[in-house]
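Some notes on the structure that comes next.
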Amino acid sequence: MTMRDSSVYTRLGVREAINAAGTLTRLGGSLMLPEVAEAMVDASRTAVKMDDLEARAGEIIAEVTGAESGYVLPGAAAGLLLSVSACMADDDPSRIQQLPDAAGMQNTVIMQKGHRTDYDRVVRMAGARIVEIGFPGEVLAWELERAMTEDTAAVLHVVNRPSSSLDLPTVIEIAHRNRVPVIVDAAAALPPASNLQRFTHAGADLVVFSGGKALRGPGASGIVAGRAALIRSIALQHQDMDIREEVWKRAHRLGVNGGERPYHGIGRPLKVGKEEIVGVLIALLAYAQSDEQTERSRLDGQVGFLRDQVNQLMGLRAHILPDFHGRPQPIVRVDVDAARLGMTAADVVVSLDEGNPAVCVSDEPILEGAFIINPFSLRPDDPETIIGRLKAIVAANAAPADTHKGSRSTGI
Ligand SMILES: *Cc1c(COP(=O)(O)O)cnc(C)c1O
C-alpha cells in the first residue's frame with residue numbers, strides 16, 4: 001500500500017525479505033542508517049580521486065581504531081586476501097606482479113585449527129599456503145613457535161571462535177619475537193564497539209572488519225586497520241594503476257611517496273566504489289559514537305516480545321540466549337516439537353522462507369530441532385510480521401488433526 005509497494009525491489013519484481021538471521025551476506029548484509037544511504041547518493045554525484053579518498057579513509061580509520069592507517073575494501077574477505085598479499089609482497093613491484101604465484105617469497109600463513117573457516121580460501125587465492133597447528137580445542141604455544149620458519153608470511157588469527165585456545169596476546173608475543181606479522185580476522189567481532197580498538201591495542205599488525213555486518217555500512221564494504229607500511233602495500237595492490245609512471249610519481253598519492261609504479265595488482269578485481277567507501281566511513285563514525293545501551297534496549301524489547309508471542313503457539317518453545325559468538329546481544333532460540341506440530345524445525349524454516357516477504361531466520365541449530373531469530377536487522381514492524389507468519393504456519397498444520405485443543409501448549 002505505502003512505502004513497501006513502491007520499493008525498488010517491488011518495481012523490479014523482486015520479493016523482499018525480513019532478515020531475522022542477523023547480518024548475513026546472503027540476505028544483503030545489514031540495513032544502512034539513512035545518513036549512510038544519503039552520503040552514498042551524495043558521493044555518486046561527484047568524481048573524486050580514489051587515491052585521495054582512500055588516503056582520507058586511512059586517516060579516519062586510524063582515528064577510530066588507534067591503528068597507524070587504514071583502508072576500505074569491498075568486504076572483510078577482500079581485506080584478508082590483501083592483508084595476506086601485503087605480508088608477502090610488501091611494496092616490491094616485481095613481487096606484486098608475481099602474485100598469486102608466491103614462489104620464492106615468504107608464503108605460508110599459520111592458523112590454529114579451530115580458526116579455520118570457509119573464508120580462509122582467500123589465503124590460497126593470494127597465493128599463500130595455510131599451515132595448520134593444533135586441534136579444534138587445543139593448541140600449545142610451542143607448536144606456534146616451531147611452526148615459524150623462514151617461509152612464514154603471517155599468522156592469521158580469527159576472533160570470536162569458541163574453540164580457539166592460544167589467545168591473541170600470546171600469538172602476538174610469539175609472532176613478533178619471530179618478526180612475523182599478525183592479521184586478525186575481526187569480520188564479525190562487533191559489537192562491542194570497543195573491539196574497534198582492542199586488537200590494534202593488543203599489537204595486531206592488520207585488523208579486518210566487515211562493513212556489511214554490525215557497522216551497518218554497505219553490504220560490499222570492509223575495513224582494514226593496521227601498520228602504515230602494510231596498508232601502503234594493500235593500496236599498491238588494490239588501486240587502479242592506469243596512469244603513466246611519470247605522472248604517477250608526481251600526482252598520485254602512492255607515487256609521490258617514492259617507489260616504482262606496479263601494474264594492476266592482485267586486488268584490482270576487488271574494486272570498491274567511491275559510494276561504498278563514503279558509506280562505510282559514515283557508518284563507522286556513526287557506530288563509534290552510537291549509544292550501545294539504547295541499541296541493547298531495542299534488541300531486548302524485540303526478543304522479549306518474540307519469546308512471549310512464540311510461547312503462545314502450539315509446538316514451539318522459545319527462550320532468550322546470549323549470542324553464539326560471544327557478542328553482547330540477545331537472540332531467541334525456538335525449539336520445534338516435531339511430534340506435536342507435525343513439522344520439523346527445517347519445515348518451519350522453509351515455510352517462513354517461502355512466503356512474501358521471505359522471513360529468513362538462522363538455521364544454525366537446525367540439527368537440534370531448533371532455529372534462531374536474531375533481532376539485529378529487524379525493523380520495528382518485523383517482529384509482528386514474523387509472529388503472524390508463525391501463527392499461520394502453526395494453524396495450517398494443526399487444523400486437520402486439531403484434537404489437542406484442551407492441552408494446547410503455552411510454553412514456559
Ligand atoms: C563474515 C565473515 C567474513 C567475511 O566478511 P565479508 O565482509 O562478508 O567479506 C570473514 N570472516 C569471518 C569470521 C566472518 O564472520
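How things are named: the first chain in the C-alpha cells is A, the next is B, and so on; residues count from 1 in each chain; ligands count from 1 in the order shown.
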
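Residues in contact with Ile96 (chain A) at 9 Å, where only C-alpha atoms are counted and same-chain residues fewer than 6 positions away are skipped, are listed as Ser85, Ala86, Met88, Ala89, Asp90, Ser233, Leu236, Gln237, Pro262, Tyr263, His264, Gly265 and Ile266 of chain A.
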
Show me which residues line ligand 1, defined as having an atom within 8 Å of a ligand atom where only C-alpha atoms and all ligand atoms count, and present them as a compact mmCIF listing (two decimals) with N, CA, C and O atoms, in the first residue's frame.
```txt
# COMPACT_ATOMS: atom_id res chain seq x y z
N LEU A 24 23.52 -11.35 7.74
CA LEU A 24 24.06 -12.31 6.78
C LEU A 24 24.26 -11.72 5.39
O LEU A 24 23.39 -11.03 4.86
N THR A 25 25.39 -12.07 4.80
CA THR A 25 25.70 -11.64 3.43
C THR A 25 24.65 -12.17 2.45
O THR A 25 24.28 -11.49 1.50
N GLY A 29 23.51 -8.38 3.78
CA GLY A 29 24.17 -7.65 4.87
C GLY A 29 23.15 -6.98 5.76
O GLY A 29 21.99 -7.40 5.83
N PRO A 74 36.11 -4.08 -0.58
CA PRO A 74 34.70 -4.49 -0.74
C PRO A 74 34.28 -5.64 0.17
O PRO A 74 33.49 -6.49 -0.24
N GLY A 75 34.75 -5.69 1.38
CA GLY A 75 34.35 -6.74 2.31
C GLY A 75 35.53 -7.17 3.14
O GLY A 75 36.69 -6.89 2.79
N ALA A 76 35.25 -7.85 4.26
CA ALA A 76 36.33 -8.33 5.11
C ALA A 76 37.13 -9.43 4.42
O ALA A 76 38.34 -9.53 4.59
N ALA A 77 36.46 -10.26 3.62
CA ALA A 77 37.19 -11.33 2.94
C ALA A 77 38.22 -10.73 1.98
O ALA A 77 39.36 -11.20 1.89
N ALA A 78 37.82 -9.67 1.28
CA ALA A 78 38.77 -8.97 0.41
C ALA A 78 39.91 -8.39 1.25
O ALA A 78 41.08 -8.40 0.84
N GLY A 79 39.57 -7.89 2.43
CA GLY A 79 40.58 -7.34 3.33
C GLY A 79 41.59 -8.39 3.75
O GLY A 79 42.79 -8.13 3.85
N LEU A 80 41.09 -9.60 4.00
CA LEU A 80 42.00 -10.69 4.39
C LEU A 80 42.90 -11.07 3.22
O LEU A 80 44.11 -11.29 3.40
N THR A 117 38.03 -21.42 8.69
CA THR A 117 36.66 -21.13 8.27
C THR A 117 36.63 -21.24 6.75
O THR A 117 37.69 -21.28 6.11
N TYR A 119 36.04 -18.92 4.91
CA TYR A 119 36.53 -17.67 4.34
C TYR A 119 38.03 -17.72 4.07
O TYR A 119 38.56 -16.89 3.34
N ASP A 120 38.72 -18.70 4.69
CA ASP A 120 40.19 -18.64 4.58
C ASP A 120 40.70 -19.11 3.21
O ASP A 120 41.90 -19.10 2.95
N VAL A 158 41.69 -15.64 14.04
CA VAL A 158 40.27 -15.34 13.89
C VAL A 158 39.66 -15.16 15.27
O VAL A 158 39.77 -16.06 16.11
N VAL A 159 39.05 -14.02 15.54
CA VAL A 159 38.45 -13.83 16.86
C VAL A 159 37.00 -14.32 16.86
O VAL A 159 36.45 -14.67 15.82
N ASN A 160 36.39 -14.38 18.03
CA ASN A 160 35.04 -14.93 18.21
C ASN A 160 34.94 -16.41 17.86
O ASN A 160 33.91 -16.88 17.40
N ASP A 185 41.32 -11.56 11.87
CA ASP A 185 40.01 -11.58 11.23
C ASP A 185 38.98 -11.23 12.30
O ASP A 185 38.58 -12.09 13.09
N ALA A 186 38.59 -9.95 12.32
CA ALA A 186 37.59 -9.47 13.27
C ALA A 186 36.30 -9.13 12.51
O ALA A 186 35.53 -8.27 12.93
N ALA A 187 36.08 -9.84 11.39
CA ALA A 187 34.96 -9.51 10.49
C ALA A 187 33.66 -9.40 11.26
O ALA A 187 32.87 -8.48 11.02
N ALA A 188 33.43 -10.34 12.18
CA ALA A 188 32.13 -10.38 12.87
C ALA A 188 32.29 -10.06 14.36
O ALA A 188 31.49 -10.49 15.17
N ALA A 189 33.32 -9.30 14.72
CA ALA A 189 33.64 -9.10 16.14
C ALA A 189 32.98 -7.88 16.76
O ALA A 189 33.33 -7.46 17.85
N PHE A 209 37.65 -5.75 9.55
CA PHE A 209 36.25 -5.74 9.98
C PHE A 209 35.35 -5.73 8.74
O PHE A 209 35.66 -5.08 7.73
N SER A 210 34.22 -6.39 8.85
CA SER A 210 33.23 -6.32 7.77
C SER A 210 32.46 -5.01 7.88
O SER A 210 32.11 -4.58 8.98
N GLY A 211 32.19 -4.36 6.76
CA GLY A 211 31.37 -3.15 6.77
C GLY A 211 29.89 -3.47 6.71
O GLY A 211 29.05 -2.67 7.11
N GLY A 212 29.56 -4.66 6.22
CA GLY A 212 28.15 -5.01 5.99
C GLY A 212 27.51 -5.75 7.14
O GLY A 212 26.39 -6.20 7.04
N LYS A 213 28.24 -5.90 8.23
CA LYS A 213 27.67 -6.57 9.41
C LYS A 213 27.27 -5.50 10.41
O LYS A 213 26.53 -4.59 10.07
N GLY A 219 26.70 -3.39 2.01
CA GLY A 219 26.98 -4.84 2.04
C GLY A 219 28.34 -5.17 1.46
O GLY A 219 29.02 -6.07 1.94
N ALA A 220 28.74 -4.45 0.43
CA ALA A 220 30.04 -4.71 -0.21
C ALA A 220 31.08 -3.74 0.32
O ALA A 220 31.62 -2.92 -0.42
N SER A 221 31.35 -3.81 1.63
CA SER A 221 32.40 -2.96 2.19
C SER A 221 33.05 -3.65 3.37
O SER A 221 32.45 -4.48 4.05
N GLY A 222 34.29 -3.30 3.59
CA GLY A 222 35.03 -3.82 4.74
C GLY A 222 36.19 -2.89 5.00
O GLY A 222 36.58 -2.13 4.11
```

>> Excluding His157 (chain A) and its own-chain neighbours fewer than 5 positions away, which residues fall within 9 Å of it when counting only C-alpha atoms? Please give them as a ChimeraX atom specification.
In response: /A:110-112,115,167-168,171,182-186

>> Show me, as a ChimeraX atom specification, the residues that have an atom within 7 Å of region 56-69 of chain A when counting only C-alpha atoms, minus same-chain residues fewer than 6 positions from it.
In response: /A:196-197,200,225-228,231,281

> Mind checking DSSP for region 159-265 of chain A and telling me the strand (DSSP E) residues as a list in words?
Replying inline: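 Across region 159-265 of chain A, those assigned strand (DSSP E) are Val182, Ile183, Val184, Asp185, Leu206, Val207, Val208, Phe209, Ser210, Gly222, Ile223, Val224, Ala225 and Gly226 of chain A.
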
>> List the spatial neighbours of Thr149 (chain A) as a PyMOL selection string - criterion: any atom at most 12 Å away, only C-alpha atoms, same-chain residues fewer than 5 positions off excluded.
In response: chain A and resi 106-110+131+143-144+154-155+175+178-180

How about saving the chosen residues, all heavy atoms kept, as a CSV table (one decimal), in the first residue's frame?
```
chain,number,residue,atom,x,y,z
A,106,GLN,N,58.2,-15.3,1.2
A,106,GLN,CA,57.6,-15.9,2.4
A,106,GLN,C,56.1,-16.1,2.1
A,106,GLN,O,55.4,-15.1,1.8
A,106,GLN,CB,57.8,-14.9,3.6
A,106,GLN,CG,59.3,-14.7,3.9
A,106,GLN,CD,59.5,-13.7,5.0
A,106,GLN,OE1,58.8,-12.7,5.1
A,106,GLN,NE2,60.5,-14.0,5.9
A,107,ASN,N,55.7,-17.3,2.1
A,107,ASN,CA,54.4,-17.6,1.5
A,107,ASN,C,53.5,-18.6,2.3
A,107,ASN,O,52.6,-19.2,1.7
A,107,ASN,CB,54.6,-18.2,0.1
A,107,ASN,CG,55.5,-19.4,0.1
A,107,ASN,OD1,55.8,-20.0,1.1
A,107,ASN,ND2,56.1,-19.7,-1.1
A,108,THR,N,53.8,-18.8,3.6
A,108,THR,CA,52.9,-19.6,4.4
A,108,THR,C,52.2,-18.7,5.4
A,108,THR,O,52.8,-17.8,5.9
A,108,THR,CB,53.6,-20.8,5.1
A,108,THR,OG1,54.6,-20.3,5.9
A,108,THR,CG2,54.3,-21.7,4.0
A,109,VAL,N,51.0,-19.1,5.8
A,109,VAL,CA,50.2,-18.4,6.8
A,109,VAL,C,49.8,-19.4,7.8
A,109,VAL,O,49.2,-20.5,7.5
A,109,VAL,CB,49.0,-17.7,6.1
A,109,VAL,CG1,48.0,-17.2,7.2
A,109,VAL,CG2,49.4,-16.6,5.2
A,110,ILE,N,50.2,-19.2,9.1
A,110,ILE,CA,49.9,-20.1,10.1
A,110,ILE,C,48.5,-19.8,10.7
A,110,ILE,O,48.1,-18.7,11.0
A,110,ILE,CB,50.9,-20.0,11.3
A,110,ILE,CG1,52.3,-20.3,10.7
A,110,ILE,CG2,50.6,-20.9,12.4
A,110,ILE,CD1,53.4,-20.1,11.7
A,131,VAL,N,49.3,-23.2,7.0
A,131,VAL,CA,50.0,-24.2,7.8
A,131,VAL,C,49.1,-24.3,9.1
A,131,VAL,O,49.0,-23.3,9.8
A,131,VAL,CB,51.4,-23.8,8.2
A,131,VAL,CG1,52.0,-24.8,9.2
A,131,VAL,CG2,52.3,-23.8,6.9
A,143,GLU,N,53.9,-25.2,19.7
A,143,GLU,CA,53.6,-25.6,18.3
A,143,GLU,C,53.6,-24.3,17.4
A,143,GLU,O,54.1,-24.4,16.2
A,143,GLU,CB,52.3,-26.3,18.2
A,143,GLU,CG,52.1,-27.1,17.0
A,143,GLU,CD,50.8,-27.9,16.9
A,143,GLU,OE1,50.0,-27.7,17.7
A,143,GLU,OE2,50.7,-28.6,15.9
A,144,LEU,N,53.1,-23.2,17.9
A,144,LEU,CA,53.2,-22.0,17.1
A,144,LEU,C,54.6,-21.6,16.9
A,144,LEU,O,55.1,-21.2,15.8
A,144,LEU,CB,52.4,-20.9,17.8
A,144,LEU,CG,52.4,-19.5,17.1
A,144,LEU,CD1,51.9,-19.6,15.7
A,144,LEU,CD2,51.6,-18.5,17.9
A,154,ALA,N,52.8,-14.7,7.7
A,154,ALA,CA,51.9,-14.1,8.7
A,154,ALA,C,51.2,-15.2,9.5
A,154,ALA,O,51.3,-16.4,9.1
A,154,ALA,CB,50.8,-13.3,8.0
A,155,VAL,N,50.7,-14.8,10.6
A,155,VAL,CA,49.7,-15.6,11.4
A,155,VAL,C,48.4,-15.0,11.2
A,155,VAL,O,48.2,-13.8,11.3
A,155,VAL,CB,50.1,-15.7,12.9
A,155,VAL,CG1,49.0,-16.5,13.6
A,155,VAL,CG2,51.5,-16.2,13.1
A,175,ALA,N,54.7,-14.4,17.6
A,175,ALA,CA,54.9,-14.0,16.2
A,175,ALA,C,55.9,-12.8,16.1
A,175,ALA,O,56.8,-12.9,15.3
A,175,ALA,CB,53.6,-13.6,15.6
A,178,ASN,N,59.4,-13.5,16.5
A,178,ASN,CA,59.9,-14.2,15.3
A,178,ASN,C,59.8,-13.2,14.1
A,178,ASN,O,59.9,-13.7,12.9
A,178,ASN,CB,59.2,-15.5,15.0
A,178,ASN,CG,59.6,-16.6,16.0
A,178,ASN,OD1,60.6,-17.2,15.8
A,178,ASN,ND2,58.9,-16.7,17.1
A,179,ARG,N,59.5,-12.0,14.3
A,179,ARG,CA,59.4,-11.0,13.2
A,179,ARG,C,58.3,-11.3,12.2
A,179,ARG,O,58.5,-11.2,11.0
A,179,ARG,CB,60.7,-10.7,12.5
A,179,ARG,CG,61.8,-10.2,13.4
A,179,ARG,CD,63.1,-10.1,12.7
A,179,ARG,NE,64.2,-9.8,13.6
A,179,ARG,CZ,64.4,-8.5,14.0
A,179,ARG,NH1,63.7,-7.5,13.6
A,179,ARG,NH2,65.4,-8.3,14.9
A,180,VAL,N,57.2,-11.9,12.7
A,180,VAL,CA,56.1,-12.3,11.8
A,180,VAL,C,54.9,-11.4,12.1
A,180,VAL,O,54.6,-11.3,13.3
A,180,VAL,CB,55.8,-13.8,11.9
A,180,VAL,CG1,54.5,-14.2,11.3
A,180,VAL,CG2,57.0,-14.7,11.4
```

>> Need the shell around Pro328 (chain A): protein/DNA/RNA residues with any atom at most 7 Å away, counting only C-alpha atoms. Skip same-chain ones fewer than 2 positions apart. Format as a list in words?
In response: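 My list of contacting residues is Pro191, Pro192, Asp323, Gly326 and Pro330 of chain A.
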
Could the residues in this selection be written to a file with all heavy atoms, as a short mmCIF file (atom, residue, chain, number, x, y, z; two decimals), in the first residue's frame?
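Output (part34.cif):
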```cif
data_model
loop_
_atom_site.label_atom_id
_atom_site.label_comp_id
_atom_site.auth_asym_id
_atom_site.auth_seq_id
_atom_site.Cartn_x
_atom_site.Cartn_y
_atom_site.Cartn_z
N PRO A 191 29.12 -6.01 17.84
CA PRO A 191 29.65 -5.26 18.96
C PRO A 191 30.50 -6.16 19.86
O PRO A 191 30.49 -7.37 19.64
CB PRO A 191 28.36 -4.79 19.68
CG PRO A 191 27.33 -5.84 19.35
CD PRO A 191 27.69 -6.33 17.98
N PRO A 192 31.15 -5.58 20.88
CA PRO A 192 31.10 -4.21 21.33
C PRO A 192 31.99 -3.28 20.49
O PRO A 192 32.99 -3.74 19.92
CB PRO A 192 31.65 -4.29 22.77
CG PRO A 192 32.61 -5.43 22.72
CD PRO A 192 32.03 -6.41 21.74
N ASP A 323 24.18 -14.32 22.40
CA ASP A 323 24.66 -14.57 21.05
C ASP A 323 25.67 -15.72 21.03
O ASP A 323 26.49 -15.85 21.93
CB ASP A 323 25.31 -13.25 20.57
CG ASP A 323 26.00 -13.38 19.25
OD1 ASP A 323 25.29 -13.48 18.26
OD2 ASP A 323 27.24 -13.36 19.22
N GLY A 326 29.57 -14.82 21.22
CA GLY A 326 30.13 -14.08 22.34
C GLY A 326 29.92 -12.58 22.26
O GLY A 326 30.47 -11.83 23.07
N PRO A 330 21.33 -10.23 22.45
CA PRO A 330 20.47 -11.39 22.69
C PRO A 330 19.88 -11.95 21.40
O PRO A 330 19.71 -11.23 20.42
CB PRO A 330 19.36 -10.79 23.55
CG PRO A 330 19.24 -9.37 23.05
CD PRO A 330 20.61 -8.96 22.61
#
```

> Which residue gives the smallest distance to His319 (chain A) among A:Ala338, A:Ala392, A:Leu73, A:Ile372, with only C-alpha atoms counted?
Replying inline: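 Residue with the minimum atom-to-atom distance to His319 (chain A): A:Ile372.
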
>> Set the distance at 8 Å and use only C-alpha atoms: which residues neighbour Cys87 (chain A) once local chain neighbours fewer than 5 positions away are removed? I'd like the list as a ChimeraX atom specification.
In response: /A:153-154,181,230

Store the residues picked out above in a file with all heavy atoms, as a PDB file, in the first residue's frame.
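Written out: out.pdb:
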```
ATOM      1  N   ALA A 153      54.822 -16.021   6.268  1.00  0.00           N
ATOM      2  CA  ALA A 153      54.463 -14.650   5.888  1.00  0.00           C
ATOM      3  C   ALA A 153      53.669 -13.970   6.990  1.00  0.00           C
ATOM      4  O   ALA A 153      53.799 -12.759   7.209  1.00  0.00           O
ATOM      5  CB  ALA A 153      53.644 -14.661   4.592  1.00  0.00           C
ATOM      6  N   ALA A 154      52.799 -14.723   7.670  1.00  0.00           N
ATOM      7  CA  ALA A 154      51.905 -14.122   8.674  1.00  0.00           C
ATOM      8  C   ALA A 154      51.246 -15.207   9.497  1.00  0.00           C
ATOM      9  O   ALA A 154      51.254 -16.391   9.127  1.00  0.00           O
ATOM     10  CB  ALA A 154      50.828 -13.287   7.977  1.00  0.00           C
ATOM     11  N   PRO A 181      54.262 -10.836  11.135  1.00  0.00           N
ATOM     12  CA  PRO A 181      53.076 -10.027  11.417  1.00  0.00           C
ATOM     13  C   PRO A 181      51.836 -10.886  11.712  1.00  0.00           C
ATOM     14  O   PRO A 181      51.735 -12.022  11.262  1.00  0.00           O
ATOM     15  CB  PRO A 181      52.865  -9.218  10.129  1.00  0.00           C
ATOM     16  CG  PRO A 181      53.550  -9.999   9.058  1.00  0.00           C
ATOM     17  CD  PRO A 181      54.667 -10.774   9.714  1.00  0.00           C
ATOM     18  N   LEU A 230      52.182  -1.772   5.688  1.00  0.00           N
ATOM     19  CA  LEU A 230      51.342  -2.846   5.144  1.00  0.00           C
ATOM     20  C   LEU A 230      50.116  -2.279   4.428  1.00  0.00           C
ATOM     21  O   LEU A 230      49.699  -2.781   3.384  1.00  0.00           O
ATOM     22  CB  LEU A 230      50.911  -3.802   6.274  1.00  0.00           C
ATOM     23  CG  LEU A 230      52.041  -4.679   6.838  1.00  0.00           C
ATOM     24  CD1 LEU A 230      51.612  -5.361   8.138  1.00  0.00           C
ATOM     25  CD2 LEU A 230      52.479  -5.724   5.811  1.00  0.00           C
TER      26      LEU A 230
END
```

Based on the backbone DSSP call, show me all residues of region 341-404 of chain A assigned alpha helix (DSSP H), as a PDB file with C-alpha atoms, in the first residue's frame.
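Heads up, here's the output in out.pdb:
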```
ATOM      1  CA  LEU A 341       3.484 -29.784  15.386  1.00  0.00           C
ATOM      2  CA  ALA A 345      12.358 -27.244  12.519  1.00  0.00           C
ATOM      3  CA  ALA A 346      13.605 -27.336   8.928  1.00  0.00           C
ATOM      4  CA  ASP A 347       9.982 -27.475   7.674  1.00  0.00           C
ATOM      5  CA  VAL A 348       9.169 -24.347   9.691  1.00  0.00           C
ATOM      6  CA  VAL A 349      12.288 -22.535   8.457  1.00  0.00           C
ATOM      7  CA  VAL A 350      11.455 -23.382   4.847  1.00  0.00           C
ATOM      8  CA  SER A 351       7.801 -22.318   5.254  1.00  0.00           C
ATOM      9  CA  LEU A 352       8.905 -18.965   6.666  1.00  0.00           C
ATOM     10  CA  ASP A 353      11.308 -18.572   3.763  1.00  0.00           C
ATOM     11  CA  GLU A 354       8.659 -19.390   1.159  1.00  0.00           C
ATOM     12  CA  ASP A 382       9.102  -7.025  11.622  1.00  0.00           C
ATOM     13  CA  PRO A 383       8.547  -8.905  14.913  1.00  0.00           C
ATOM     14  CA  GLU A 384       4.743  -8.686  14.418  1.00  0.00           C
ATOM     15  CA  THR A 385       5.056  -9.922  10.859  1.00  0.00           C
ATOM     16  CA  ILE A 386       7.192 -12.861  11.949  1.00  0.00           C
ATOM     17  CA  ILE A 387       4.702 -13.835  14.655  1.00  0.00           C
ATOM     18  CA  GLY A 388       1.821 -13.539  12.181  1.00  0.00           C
ATOM     19  CA  ARG A 389       3.581 -15.906   9.822  1.00  0.00           C
ATOM     20  CA  LEU A 390       4.425 -18.406  12.560  1.00  0.00           C
ATOM     21  CA  LYS A 391       0.785 -18.342  13.694  1.00  0.00           C
ATOM     22  CA  ALA A 392      -0.402 -19.075  10.159  1.00  0.00           C
ATOM     23  CA  ILE A 393       2.091 -21.930   9.765  1.00  0.00           C
ATOM     24  CA  VAL A 394       1.083 -23.493  13.091  1.00  0.00           C
ATOM     25  CA  ALA A 395      -2.635 -23.049  12.353  1.00  0.00           C
ATOM     26  CA  ALA A 396      -2.386 -24.525   8.850  1.00  0.00           C
ATOM     27  CA  ASN A 397      -0.614 -27.519  10.198  1.00  0.00           C
ATOM     28  CA  ALA A 398      -2.687 -28.049  13.293  1.00  0.00           C
TER      29      ALA A 398
END
```

> Any idea what the distance is between CA of Arg298 (chain A) and CA of Pro34 (chain A)?
Replying inline: 17.8 Å

>> Just checking: using only C-alpha atoms, which residue out of A:Ser30, A:Thr23, A:Thr10, A:Gln98 ends up closest to Asn374 (chain A)?
In response: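 Using only C-alpha atoms, the shortest distance to Asn374 (chain A) belongs to A:Thr23.
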
>> Considering only C-alpha atoms, can you say which of A:Gly22, A:Ser7, A:Gly13, A:Glu292 comes closest to Ser362 (chain A)?
In response: A:Gly22

> Using only C-alpha atoms, which of A:Val48, A:Ala55, A:Leu82, A:Leu378 sits nearest Val208 (chain A)?
Replying inline: A:Leu82

> What is the CA of Tyr9 (chain A)-CA of Ile331 (chain A) distance in Å, reported with one decimal?
Replying inline: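 One can read the CA of Tyr9 (chain A) to CA of Ile331 (chain A) distance as 28.0 Å.
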